[in-house]
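> Before I ask anything, let me first share the structure, which is written out below as C-alpha cells.
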Amino acid sequence: MIYFDNAATTGKKPETVIKAVVNALKNNCANPGRSGHKLSVKTVDEIYKIREKTANFFGLENAEKVIFTHNCTTSINMVLKGVLKRGDHIIVSSLEHNAVMRPLEKMKIPYSIADVSLTDDNITAENFKRAIKPNTRMIFCTAASNVCGKILPIEKIGEICKEKGILFAVDAAQGAGVLPINMQKMNIDYLCVAAHKGLYAPMSSGILLCRKDIENTILEGGTGTGSLDFKHPNIIPEGFESGTLSVPNIFGIGAGIDYVNQKGIEKIYKSELNLIKNIYFSLRNNPIFELYTPEPLYQSYVPVLPFNLKGVSSEKTAAMLDEYNIAVRGGLHCAPSAHKVLKTTEKGAVRVSVATFNNENEVGIFLNTIKSEKFIKNLIKN
Amino acid sequence: MKKYLIVTGTVTYAVKGKVILNRKGFKAKVEKLTEIKANQGCGYAIAVTGDIEKIKELLITSGVKIIEIIETK
C-alpha cells in the first residue's frame, strides 16, 4: 500500500520507535511514580529523560513542564478549559480544527476569527492584531493547517502576544517534526503536540508543553501525590497526568524525537515538501483537477495537499484510490473552518500528506493512477 | 558525612532534583519514604549526602519546591 495519509497518523513507525515500545513493555513494565520499588523508580528516571528530550526539542526551559497526554485534542482541551474563564475573549485562526472550535462552543467563550491569508503572512498577523479586544486573554492557533498545509506566522503572532500581554497557545499537530518550533523564541505559552504524527510515536501519544500554569484540571484522580487530600492538585505535570501513564507510548515519543533529530528536521521538511510540489505541479497541469492553494512554497506550507477531481466528491475519489491501494483522506478532516476558507465545505477535499518513508516512486504511481483513463472511468461509473 | 532526605511535591521534581545534584557532583538518588505524613507530597524524596545549604540553594534556584528536609543517620 502507498500510504499518503500521514497527517492523520504517520503510517509507518521507525524500527527504533518499535524497539523502544517493546523495550518499555519488556524492561520497564512498572507504574512510574506510584509504587516506589526499584523498577518503578527506574521507569520514572527514564520518563524524566524523555521529558528533558521533549523540552529541548521544543525550546522549553523546564523538563517538568512537559505533560504527556492521550492525544493533541486532549492537550488542546486542557489548555482551553484549564485556563479560560467567564469574561475572557479568545482569538483563533480561520483554519482551526474542531479540537479547538468545539470546546470553545461548549464553553460559550466568545471568540473572534482572524482570517489567514494563503499568500501574505503580514496580512495574517495584522488580522490577529486587529481582533484584539480589551478582554482578549489568549490567541490559539494552529502552526499549520491540517487541510491545506498553510504555515501560520507563529513567530509574528507570538510577538504580538508578548507585546499585548496575551497568552499564546499553538496547536502543533501538523507542525511538530517538520517545522522548527522553539517556545522561548516564538513566545509560545502552551504547545499542543500529536506525537503520533510528525514525531512517529504510537497512536494516542500526545504532549502538552507549558511555560505558564494551568489553573483547572479537566480530569481528576490518582496522581501519586498528596493522597490524603481529596482536592486534586494542579501541579504540572502530575496534576495533569491522572491515572497510569502510557509508558510504552512515552518511550516511543523519545525514540521518535531521536529519529527526527537524526534525520534532521530541515532535511525531512525539504524532502517531503518536494514530493508534495511534484504532485501539485503535475495536478495543476491537468484541467480535470481542482487545487485550492497557491504553489506550496518553502516555509509557507507543510507537506499536505488538498485537491479534487472536478465534479466528483472527495470521499468517492478517496474510496476509489483505496481500491488501488493508495491511502488518502477525503471529506472535511474535522476542520470545517478551513474548508470554508477553501470553499470546499460541500464536497470536502482529497488530502495527500507524506512522511519520511514516502518516495518519488510512490508519487509516480499515485500520479499515474489518478490520471489514468481507467481510474477516471471507474470513478465516474461508480 | 550527613545524609538527608529532601521531600518534594512530586516524583518528577524529585527526579529533577536528583539529576541537578548529580550533575553538580553530589551523590543523590530518589527514594520512597517509608513513613508518609499528610504534608509530604508524593512520598518520594531525594536521598543525598553533602553540604545541605549548597544543596538547598541548587534545588531552590532550579525551581524544585522543597517540602521538608529530614536528616538521617
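Ordering of the C-alpha cells sets the chain letters (A, B, ...); residue numbers start at 1 within each chain; ligands are numbered from 1 in the order shown.
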If we count only C-alpha atoms, what is near Val64 (chain B) at a cut-off of 7 Å, once residues fewer than 3 positions away on the same chain are taken out, given as a list of chain:residue names?
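Near neighbours after the sequence-gap exclusion: B:Tyr13, B:Gly17, B:Leu59, B:Ile60.
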> Tell me which protein, DNA and RNA residues are within 9 Å of Glu155 (chain A), counting only C-alpha atoms, leaving out same-chain ones fewer than 3 positions away, and put them as a short mmCIF file (atom, residue, chain, number, x, y, z; two decimals) with all heavy atoms, in the first residue's frame.

data_model
loop_
_atom_site.label_atom_id
_atom_site.label_comp_id
_atom_site.auth_asym_id
_atom_site.auth_seq_id
_atom_site.Cartn_x
_atom_site.Cartn_y
_atom_site.Cartn_z
N LEU A 152 1.27 29.04 9.61
CA LEU A 152 0.92 30.36 10.14
C LEU A 152 2.18 31.07 10.65
O LEU A 152 3.13 30.41 11.08
CB LEU A 152 -0.12 30.23 11.26
CG LEU A 152 -1.57 30.27 10.74
CD1 LEU A 152 -1.93 28.99 10.01
CD2 LEU A 152 -2.55 30.52 11.87
N GLY A 158 3.37 35.43 18.01
CA GLY A 158 3.96 35.37 19.35
C GLY A 158 4.44 36.73 19.80
O GLY A 158 4.30 37.11 20.98
N GLU A 159 5.01 37.49 18.88
CA GLU A 159 5.49 38.85 19.21
C GLU A 159 4.31 39.74 19.61
O GLU A 159 4.41 40.51 20.57
CB GLU A 159 6.19 39.47 17.99
CG GLU A 159 7.66 39.15 17.91
CD GLU A 159 8.25 39.55 16.58
OE1 GLU A 159 7.78 40.54 15.99
OE2 GLU A 159 9.17 38.83 16.11
N ILE A 160 3.22 39.62 18.86
CA ILE A 160 2.02 40.41 19.17
C ILE A 160 1.53 40.07 20.58
O ILE A 160 1.20 40.94 21.37
CB ILE A 160 0.90 40.15 18.11
CG1 ILE A 160 1.34 40.64 16.74
CG2 ILE A 160 -0.42 40.80 18.53
CD1 ILE A 160 0.45 40.17 15.58
N LYS A 185 11.70 31.25 21.82
CA LYS A 185 11.93 32.19 20.72
C LYS A 185 10.60 32.71 20.14
O LYS A 185 10.50 33.87 19.73
CB LYS A 185 12.72 31.46 19.63
CG LYS A 185 13.47 32.36 18.69
CD LYS A 185 14.31 31.52 17.74
CE LYS A 185 14.37 32.20 16.39
NZ LYS A 185 14.63 31.27 15.30
N MET A 186 9.60 31.85 20.12
CA MET A 186 8.32 32.22 19.49
C MET A 186 7.29 32.70 20.51
O MET A 186 6.14 32.92 20.13
CB MET A 186 7.78 31.01 18.71
CG MET A 186 8.68 30.59 17.57
SD MET A 186 8.13 29.03 16.86
CE MET A 186 9.02 29.06 15.29
N ASN A 187 7.71 32.85 21.75
CA ASN A 187 6.80 33.32 22.83
C ASN A 187 5.55 32.46 22.97
O ASN A 187 4.47 32.99 23.23
CB ASN A 187 6.39 34.78 22.59
CG ASN A 187 7.57 35.71 22.71
OD1 ASN A 187 8.26 35.72 23.73
ND2 ASN A 187 7.84 36.45 21.65
N ILE A 188 5.70 31.17 22.79
CA ILE A 188 4.55 30.27 22.93
C ILE A 188 4.41 29.86 24.40
O ILE A 188 5.36 29.38 25.01
CB ILE A 188 4.72 29.00 22.04
CG1 ILE A 188 4.84 29.41 20.56
CG2 ILE A 188 3.57 28.03 22.26
CD1 ILE A 188 5.26 28.27 19.65
#
> With only C-alpha atoms counted and 12 Å as the cut-off, give the residues of chain B in contact with chain A, each with its shortest interatomic distance in Å and the pair that gives it, as JSON lines.

{"residue": "B:Val7", "atom": "CA", "partner": "A:Thr225", "partner_atom": "CA", "distance": 11.6}
{"residue": "B:Thr8", "atom": "CA", "partner": "A:Thr225", "partner_atom": "CA", "distance": 9.8}
{"residue": "B:Gly9", "atom": "CA", "partner": "A:Thr225", "partner_atom": "CA", "distance": 7.0}
{"residue": "B:Thr10", "atom": "CA", "partner": "A:Thr225", "partner_atom": "CA", "distance": 6.0}
{"residue": "B:Val11", "atom": "CA", "partner": "A:Gly33", "partner_atom": "CA", "distance": 5.8}
{"residue": "B:Thr12", "atom": "CA", "partner": "A:Glu64", "partner_atom": "CA", "distance": 6.4}
{"residue": "B:Tyr13", "atom": "CA", "partner": "A:Glu64", "partner_atom": "CA", "distance": 7.1}
{"residue": "B:Ala14", "atom": "CA", "partner": "A:Asp45", "partner_atom": "CA", "distance": 9.9}
{"residue": "B:Val15", "atom": "CA", "partner": "A:Asp45", "partner_atom": "CA", "distance": 6.5}
{"residue": "B:Lys16", "atom": "CA", "partner": "A:Glu64", "partner_atom": "CA", "distance": 7.5}
{"residue": "B:Gly17", "atom": "CA", "partner": "A:Glu64", "partner_atom": "CA", "distance": 10.7}
{"residue": "B:Lys18", "atom": "CA", "partner": "A:Asp45", "partner_atom": "CA", "distance": 9.7}
{"residue": "B:Val19", "atom": "CA", "partner": "A:Asp45", "partner_atom": "CA", "distance": 9.2}
{"residue": "B:Ile20", "atom": "CA", "partner": "A:Ala63", "partner_atom": "CA", "distance": 11.8}
{"residue": "B:Lys29", "atom": "CA", "partner": "A:Val41", "partner_atom": "CA", "distance": 9.6}
{"residue": "B:Val30", "atom": "CA", "partner": "A:Val41", "partner_atom": "CA", "distance": 7.2}
{"residue": "B:Glu31", "atom": "CA", "partner": "A:Gly36", "partner_atom": "CA", "distance": 7.1}
{"residue": "B:Lys32", "atom": "CA", "partner": "A:Gly36", "partner_atom": "CA", "distance": 5.2}
{"residue": "B:Leu33", "atom": "CA", "partner": "A:Gly36", "partner_atom": "CA", "distance": 8.5}
{"residue": "B:Thr34", "atom": "CA", "partner": "A:Gly36", "partner_atom": "CA", "distance": 9.7}
{"residue": "B:Ile36", "atom": "CA", "partner": "A:Gly226", "partner_atom": "CA", "distance": 9.5}
{"residue": "B:Lys37", "atom": "CA", "partner": "A:Leu228", "partner_atom": "CA", "distance": 9.0}
{"residue": "B:Ala38", "atom": "CA", "partner": "A:Leu228", "partner_atom": "CA", "distance": 6.2}
{"residue": "B:Asn39", "atom": "CA", "partner": "A:Gly226", "partner_atom": "CA", "distance": 7.0}
{"residue": "B:Gln40", "atom": "CA", "partner": "A:Gly226", "partner_atom": "CA", "distance": 6.8}
{"residue": "B:Gly41", "atom": "CA", "partner": "A:Gly226", "partner_atom": "CA", "distance": 4.6}
{"residue": "B:Cys42", "atom": "CA", "partner": "A:Thr225", "partner_atom": "CA", "distance": 3.8}
{"residue": "B:Gly43", "atom": "CA", "partner": "A:Thr225", "partner_atom": "CA", "distance": 7.1}
{"residue": "B:Tyr44", "atom": "CA", "partner": "A:Gly36", "partner_atom": "CA", "distance": 7.7}
{"residue": "B:Ala45", "atom": "CA", "partner": "A:Gly36", "partner_atom": "CA", "distance": 10.4}
{"residue": "B:Ile46", "atom": "CA", "partner": "A:Val41", "partner_atom": "CA", "distance": 11.7}
{"residue": "B:Ser62", "atom": "CA", "partner": "A:Asn62", "partner_atom": "CA", "distance": 9.1}
{"residue": "B:Gly63", "atom": "CA", "partner": "A:Asn62", "partner_atom": "CA", "distance": 9.0}
{"residue": "B:Val64", "atom": "CA", "partner": "A:Glu64", "partner_atom": "CA", "distance": 9.7}
{"residue": "B:Lys65", "atom": "CA", "partner": "A:Ile235", "partner_atom": "CA", "distance": 11.1}
{"residue": "B:Ile67", "atom": "CA", "partner": "A:Gly226", "partner_atom": "CA", "distance": 11.6}
> Save the residues we just selected, N, CA and C atoms, as a compact mmCIF listing (two decimals), in the first residue's frame?

# COMPACT_ATOMS: atom_id res chain seq x y z
N VAL B 7 12.28 16.02 50.79
CA VAL B 7 10.94 15.67 50.30
C VAL B 7 10.47 16.74 49.32
N THR B 8 9.99 16.27 48.17
CA THR B 8 9.49 17.20 47.14
C THR B 8 7.99 16.96 46.93
N GLY B 9 7.36 17.88 46.20
CA GLY B 9 5.92 17.78 45.99
C GLY B 9 5.51 16.66 45.05
N THR B 10 6.35 16.38 44.07
CA THR B 10 6.02 15.34 43.10
C THR B 10 7.27 14.52 42.78
N VAL B 11 7.04 13.35 42.26
CA VAL B 11 8.17 12.47 41.91
C VAL B 11 8.99 13.09 40.77
N THR B 12 8.32 13.83 39.88
CA THR B 12 9.07 14.47 38.78
C THR B 12 10.07 15.49 39.33
N TYR B 13 9.62 16.24 40.35
CA TYR B 13 10.56 17.20 40.97
C TYR B 13 11.67 16.47 41.71
N ALA B 14 11.35 15.33 42.29
CA ALA B 14 12.39 14.54 42.97
C ALA B 14 13.45 14.11 41.96
N VAL B 15 13.00 13.63 40.79
CA VAL B 15 13.96 13.19 39.75
C VAL B 15 14.73 14.39 39.22
N LYS B 16 14.02 15.50 39.02
CA LYS B 16 14.71 16.70 38.52
C LYS B 16 15.82 17.11 39.52
N GLY B 17 15.45 17.12 40.82
CA GLY B 17 16.43 17.49 41.84
C GLY B 17 17.62 16.54 41.84
N LYS B 18 17.34 15.27 41.73
CA LYS B 18 18.41 14.26 41.70
C LYS B 18 19.35 14.51 40.51
N VAL B 19 18.76 14.76 39.35
CA VAL B 19 19.56 14.99 38.13
C VAL B 19 20.45 16.22 38.31
N ILE B 20 19.86 17.30 38.85
CA ILE B 20 20.63 18.54 39.05
C ILE B 20 21.79 18.30 40.01
N LYS B 29 20.01 10.16 44.99
CA LYS B 29 19.08 9.22 44.34
C LYS B 29 17.66 9.45 44.86
N VAL B 30 16.69 8.92 44.13
CA VAL B 30 15.30 9.07 44.54
C VAL B 30 14.90 7.86 45.37
N GLU B 31 14.27 8.15 46.51
CA GLU B 31 13.82 7.06 47.40
C GLU B 31 12.37 7.29 47.78
N LYS B 32 11.66 6.22 48.01
CA LYS B 32 10.29 6.30 48.52
C LYS B 32 10.39 6.41 50.05
N LEU B 33 9.63 7.31 50.62
CA LEU B 33 9.64 7.45 52.08
C LEU B 33 8.93 6.24 52.71
N THR B 34 9.44 5.79 53.81
CA THR B 34 8.80 4.63 54.44
C THR B 34 7.64 5.06 55.34
N ILE B 36 4.87 8.20 55.59
CA ILE B 36 4.41 9.40 54.90
C ILE B 36 3.47 10.21 55.78
N LYS B 37 3.81 11.48 55.96
CA LYS B 37 2.92 12.38 56.70
C LYS B 37 1.98 13.05 55.69
N ALA B 38 0.92 13.66 56.22
CA ALA B 38 -0.08 14.28 55.37
C ALA B 38 0.51 15.34 54.43
N ASN B 39 1.52 16.04 54.90
CA ASN B 39 2.04 17.15 54.10
C ASN B 39 3.17 16.74 53.16
N GLN B 40 3.47 15.45 53.11
CA GLN B 40 4.69 15.06 52.39
C GLN B 40 4.48 14.71 50.92
N GLY B 41 3.69 15.47 50.24
CA GLY B 41 3.59 15.41 48.79
C GLY B 41 3.46 14.01 48.23
N CYS B 42 4.44 13.65 47.41
CA CYS B 42 4.35 12.41 46.65
C CYS B 42 4.86 11.20 47.42
N GLY B 43 5.49 11.46 48.55
CA GLY B 43 6.07 10.36 49.30
C GLY B 43 7.43 9.93 48.76
N TYR B 44 7.93 10.72 47.83
CA TYR B 44 9.27 10.46 47.31
C TYR B 44 10.22 11.54 47.83
N ALA B 45 11.47 11.17 47.98
CA ALA B 45 12.45 12.14 48.45
C ALA B 45 13.77 11.96 47.70
N ILE B 46 14.56 13.01 47.71
CA ILE B 46 15.92 12.91 47.15
C ILE B 46 16.82 12.54 48.33
N SER B 62 16.76 26.07 40.98
CA SER B 62 16.32 25.31 39.80
C SER B 62 14.80 25.11 39.79
N GLY B 63 14.13 25.67 40.78
CA GLY B 63 12.67 25.59 40.80
C GLY B 63 12.13 24.33 41.47
N VAL B 64 12.96 23.61 42.19
CA VAL B 64 12.47 22.41 42.89
C VAL B 64 11.93 22.84 44.26
N LYS B 65 10.63 22.65 44.46
CA LYS B 65 10.00 23.05 45.71
C LYS B 65 10.27 22.00 46.78
N ILE B 67 9.59 20.42 50.33
CA ILE B 67 8.52 20.37 51.33
C ILE B 67 9.09 20.15 52.73
> Pick out the residues sitting within 6 Å of region 247-264 of chain A, and hand them over as a list in words; count only C-alpha atoms, and ignore anything fewer than 3 positions along from it in its own chain.
Val17, Ala20, Val21, Ala24, Ile50, Leu199, Tyr200, Ala201, Pro202, Ser205 and Lys267 of chain A
> Write out as a PyMOL selection string all residues of region 99-250 of chain A that DSSP puts in helix (DSSP H, G or I) for this structure's backbone.
chain A and resi 99-107+121-130+154-164+238-240+247-250
> Can you write out the residues you just picked, keeping N, CA, C and O atoms, as a compact mmCIF listing (two decimals), in the first residue's frame?

# COMPACT_ATOMS: atom_id res chain seq x y z
N ALA A 99 -10.97 20.41 17.21
CA ALA A 99 -10.41 20.22 18.55
C ALA A 99 -10.34 21.55 19.29
O ALA A 99 -10.33 21.58 20.53
N VAL A 100 -10.28 22.64 18.54
CA VAL A 100 -10.29 23.98 19.15
C VAL A 100 -11.71 24.54 19.15
O VAL A 100 -12.18 25.06 20.16
N MET A 101 -12.41 24.41 18.02
CA MET A 101 -13.70 25.08 17.87
C MET A 101 -14.80 24.46 18.76
O MET A 101 -15.61 25.18 19.34
N ARG A 102 -14.80 23.15 18.87
CA ARG A 102 -15.88 22.51 19.65
C ARG A 102 -15.78 22.80 21.15
O ARG A 102 -16.79 23.11 21.78
N PRO A 103 -14.59 22.72 21.76
CA PRO A 103 -14.52 23.12 23.18
C PRO A 103 -14.96 24.57 23.39
O PRO A 103 -15.67 24.86 24.35
N LEU A 104 -14.59 25.45 22.47
CA LEU A 104 -14.98 26.85 22.62
C LEU A 104 -16.49 27.01 22.56
O LEU A 104 -17.07 27.77 23.34
N GLU A 105 -17.12 26.29 21.64
CA GLU A 105 -18.58 26.35 21.53
C GLU A 105 -19.22 25.86 22.83
O GLU A 105 -20.14 26.45 23.34
N LYS A 106 -18.69 24.75 23.35
CA LYS A 106 -19.26 24.17 24.56
C LYS A 106 -19.06 25.11 25.76
O LYS A 106 -19.95 25.25 26.60
N MET A 107 -17.89 25.73 25.80
CA MET A 107 -17.59 26.61 26.94
C MET A 107 -18.32 27.95 26.85
O MET A 107 -18.34 28.69 27.82
N ASP A 121 1.81 36.55 4.95
CA ASP A 121 1.82 36.36 6.41
C ASP A 121 1.64 37.67 7.17
O ASP A 121 1.17 37.67 8.31
N ASN A 122 2.06 38.77 6.56
CA ASN A 122 1.89 40.06 7.24
C ASN A 122 0.40 40.39 7.41
O ASN A 122 -0.01 40.92 8.43
N ILE A 123 -0.36 40.06 6.37
CA ILE A 123 -1.82 40.29 6.46
C ILE A 123 -2.40 39.44 7.58
O ILE A 123 -3.19 39.90 8.39
N THR A 124 -1.97 38.17 7.65
CA THR A 124 -2.46 37.27 8.71
C THR A 124 -2.15 37.85 10.08
O THR A 124 -3.04 37.94 10.95
N ALA A 125 -0.91 38.24 10.28
CA ALA A 125 -0.50 38.79 11.59
C ALA A 125 -1.32 40.03 11.92
O ALA A 125 -1.77 40.21 13.07
N GLU A 126 -1.54 40.86 10.93
CA GLU A 126 -2.32 42.09 11.12
C GLU A 126 -3.76 41.76 11.50
O GLU A 126 -4.36 42.43 12.34
N ASN A 127 -4.31 40.71 10.89
CA ASN A 127 -5.68 40.29 11.21
C ASN A 127 -5.81 39.86 12.67
O ASN A 127 -6.82 40.12 13.32
N PHE A 128 -4.79 39.19 13.17
CA PHE A 128 -4.79 38.80 14.59
C PHE A 128 -4.75 40.05 15.47
O PHE A 128 -5.50 40.16 16.45
N LYS A 129 -3.90 40.97 15.10
CA LYS A 129 -3.72 42.20 15.90
C LYS A 129 -5.03 42.98 15.96
O LYS A 129 -5.43 43.47 17.02
N ARG A 130 -5.67 43.07 14.82
CA ARG A 130 -6.92 43.84 14.72
C ARG A 130 -8.06 43.23 15.56
O ARG A 130 -8.97 43.94 15.98
N ILE A 154 3.79 32.03 13.15
CA ILE A 154 3.77 31.84 14.61
C ILE A 154 4.67 32.85 15.34
O ILE A 154 4.29 33.39 16.38
N GLU A 155 5.84 33.06 14.78
CA GLU A 155 6.77 33.97 15.47
C GLU A 155 6.19 35.39 15.54
O GLU A 155 6.27 36.06 16.57
N LYS A 156 5.60 35.81 14.44
CA LYS A 156 4.99 37.16 14.39
C LYS A 156 3.81 37.25 15.37
O LYS A 156 3.66 38.25 16.07
N ILE A 157 2.98 36.22 15.40
CA ILE A 157 1.81 36.23 16.30
C ILE A 157 2.30 36.19 17.76
O ILE A 157 1.75 36.86 18.63
N GLY A 158 3.37 35.43 18.01
CA GLY A 158 3.96 35.37 19.35
C GLY A 158 4.44 36.73 19.80
O GLY A 158 4.30 37.11 20.98
N GLU A 159 5.01 37.49 18.88
CA GLU A 159 5.49 38.85 19.21
C GLU A 159 4.31 39.74 19.61
O GLU A 159 4.41 40.51 20.57
N ILE A 160 3.22 39.62 18.86
CA ILE A 160 2.02 40.41 19.17
C ILE A 160 1.53 40.07 20.58
O ILE A 160 1.20 40.94 21.37
N CYS A 161 1.48 38.77 20.88
CA CYS A 161 1.00 38.33 22.19
C CYS A 161 1.89 38.88 23.31
O CYS A 161 1.40 39.33 24.34
N LYS A 162 3.19 38.84 23.08
CA LYS A 162 4.13 39.33 24.09
C LYS A 162 3.91 40.83 24.32
O LYS A 162 3.84 41.30 25.45
N GLU A 163 3.80 41.54 23.22
CA GLU A 163 3.62 42.99 23.27
C GLU A 163 2.32 43.37 24.00
O GLU A 163 2.29 44.33 24.77
N LYS A 164 1.27 42.59 23.76
CA LYS A 164 -0.04 42.93 24.33
C LYS A 164 -0.33 42.21 25.65
O LYS A 164 -1.42 42.36 26.21
N GLU A 238 2.27 16.20 37.23
CA GLU A 238 1.46 15.12 37.83
C GLU A 238 -0.04 15.43 37.89
O GLU A 238 -0.87 14.56 37.65
N GLY A 239 -0.38 16.66 38.25
CA GLY A 239 -1.78 17.03 38.37
C GLY A 239 -2.55 16.90 37.07
O GLY A 239 -3.78 16.82 37.06
N PHE A 240 -1.83 16.86 35.97
CA PHE A 240 -2.45 16.79 34.64
C PHE A 240 -2.19 15.44 33.94
O PHE A 240 -2.42 15.29 32.75
N VAL A 247 3.50 4.25 29.49
CA VAL A 247 4.97 4.19 29.43
C VAL A 247 5.46 3.76 28.03
O VAL A 247 6.38 4.39 27.48
N PRO A 248 4.86 2.73 27.41
CA PRO A 248 5.35 2.35 26.07
C PRO A 248 5.23 3.50 25.07
O PRO A 248 6.15 3.72 24.27
N ASN A 249 4.13 4.23 25.11
CA ASN A 249 3.97 5.34 24.18
C ASN A 249 4.99 6.45 24.44
O ASN A 249 5.53 7.05 23.51
N ILE A 250 5.25 6.71 25.71
CA ILE A 250 6.22 7.76 26.06
C ILE A 250 7.62 7.35 25.59
O ILE A 250 8.37 8.17 25.06
> Which residues are near Ile52 (chain B)? Cut-off 12 Å, only C-alpha atoms, ignore same chain within fewer than 2 positions. Put them as a CSV table (one decimal) with N, CA, C and O atoms, in the first residue's frame.

chain,number,residue,atom,x,y,z
B,1,MET,N,29.8,12.0,56.7
B,1,MET,CA,29.0,13.0,56.1
B,1,MET,C,27.5,12.7,56.3
B,1,MET,O,27.1,11.6,56.3
B,2,LYS,N,26.8,13.8,56.6
B,2,LYS,CA,25.3,13.6,56.9
B,2,LYS,C,24.5,13.2,55.7
B,2,LYS,O,24.8,13.7,54.6
B,3,LYS,N,23.5,12.4,55.9
B,3,LYS,CA,22.6,12.1,54.8
B,3,LYS,C,21.3,12.7,55.0
B,3,LYS,O,20.8,12.8,56.2
B,4,TYR,N,20.7,13.2,54.0
B,4,TYR,CA,19.4,13.9,54.1
B,4,TYR,C,18.4,13.3,53.1
B,4,TYR,O,18.8,12.8,52.0
B,5,LEU,N,17.2,13.4,53.5
B,5,LEU,CA,16.1,13.1,52.6
B,5,LEU,C,15.3,14.4,52.4
B,5,LEU,O,14.8,15.0,53.3
B,6,ILE,N,15.3,14.8,51.1
B,6,ILE,CA,14.7,16.0,50.8
B,6,ILE,C,13.4,15.7,50.1
B,6,ILE,O,13.3,15.1,49.0
B,21,LEU,N,21.5,17.6,41.1
B,21,LEU,CA,22.6,17.4,42.1
B,21,LEU,C,23.6,16.4,41.6
B,21,LEU,O,24.8,16.7,41.8
B,26,PHE,N,27.1,15.8,43.3
B,26,PHE,CA,26.5,15.2,44.6
B,26,PHE,C,26.0,13.8,44.3
B,26,PHE,O,25.5,13.5,43.2
B,47,ALA,N,17.5,11.4,48.2
B,47,ALA,CA,18.4,11.0,49.3
B,47,ALA,C,19.8,11.5,48.9
B,47,ALA,O,20.3,11.1,47.8
B,48,VAL,N,20.4,12.3,49.7
B,48,VAL,CA,21.7,13.0,49.3
B,48,VAL,C,22.6,13.2,50.5
B,48,VAL,O,22.1,13.4,51.6
B,49,THR,N,23.9,13.1,50.2
B,49,THR,CA,24.8,13.5,51.2
B,49,THR,C,25.6,14.7,50.8
B,49,THR,O,25.8,14.9,49.6
B,50,GLY,N,26.0,15.5,51.7
B,50,GLY,CA,26.8,16.7,51.3
B,50,GLY,C,26.4,18.0,52.1
B,50,GLY,O,25.6,17.9,53.0
B,54,LYS,N,24.3,24.2,50.4
B,54,LYS,CA,24.6,24.3,49.0
B,54,LYS,C,23.5,23.5,48.2
B,54,LYS,O,23.1,23.9,47.1
B,55,ILE,N,23.2,22.4,48.7
B,55,ILE,CA,22.2,21.5,48.1
B,55,ILE,C,20.8,22.2,48.0
B,55,ILE,O,20.2,22.3,46.9
B,56,LYS,N,20.4,22.9,49.1
B,56,LYS,CA,19.2,23.6,49.1
B,56,LYS,C,19.2,24.7,48.1
B,56,LYS,O,18.2,24.9,47.3
B,57,GLU,N,20.3,25.4,48.0
B,57,GLU,CA,20.4,26.6,47.1
B,57,GLU,C,20.3,26.1,45.6
B,57,GLU,O,19.5,26.7,44.8
B,58,LEU,N,21.0,25.0,45.3
B,58,LEU,CA,20.9,24.4,44.0
B,58,LEU,C,19.5,24.0,43.6
B,58,LEU,O,19.0,24.3,42.5
B,59,LEU,N,18.8,23.4,44.5
B,59,LEU,CA,17.4,22.9,44.2
B,59,LEU,C,16.5,24.1,44.1
B,59,LEU,O,15.7,24.2,43.2
B,60,ILE,N,16.6,25.1,45.0
B,60,ILE,CA,15.6,26.2,45.0
B,60,ILE,C,15.8,27.0,43.7
B,60,ILE,O,14.8,27.4,43.1
B,69,ILE,N,13.0,18.7,54.9
B,69,ILE,CA,14.3,18.1,54.9
B,69,ILE,C,14.4,17.2,56.1
B,69,ILE,O,14.3,17.7,57.2
B,70,ILE,N,14.7,16.0,55.9
B,70,ILE,CA,14.8,15.0,57.1
B,70,ILE,C,16.3,14.6,57.1
B,70,ILE,O,16.8,14.1,56.2
B,71,GLU,N,16.9,14.8,58.3
B,71,GLU,CA,18.3,14.4,58.5
B,71,GLU,C,18.2,12.9,59.0
B,71,GLU,O,17.5,12.6,59.9
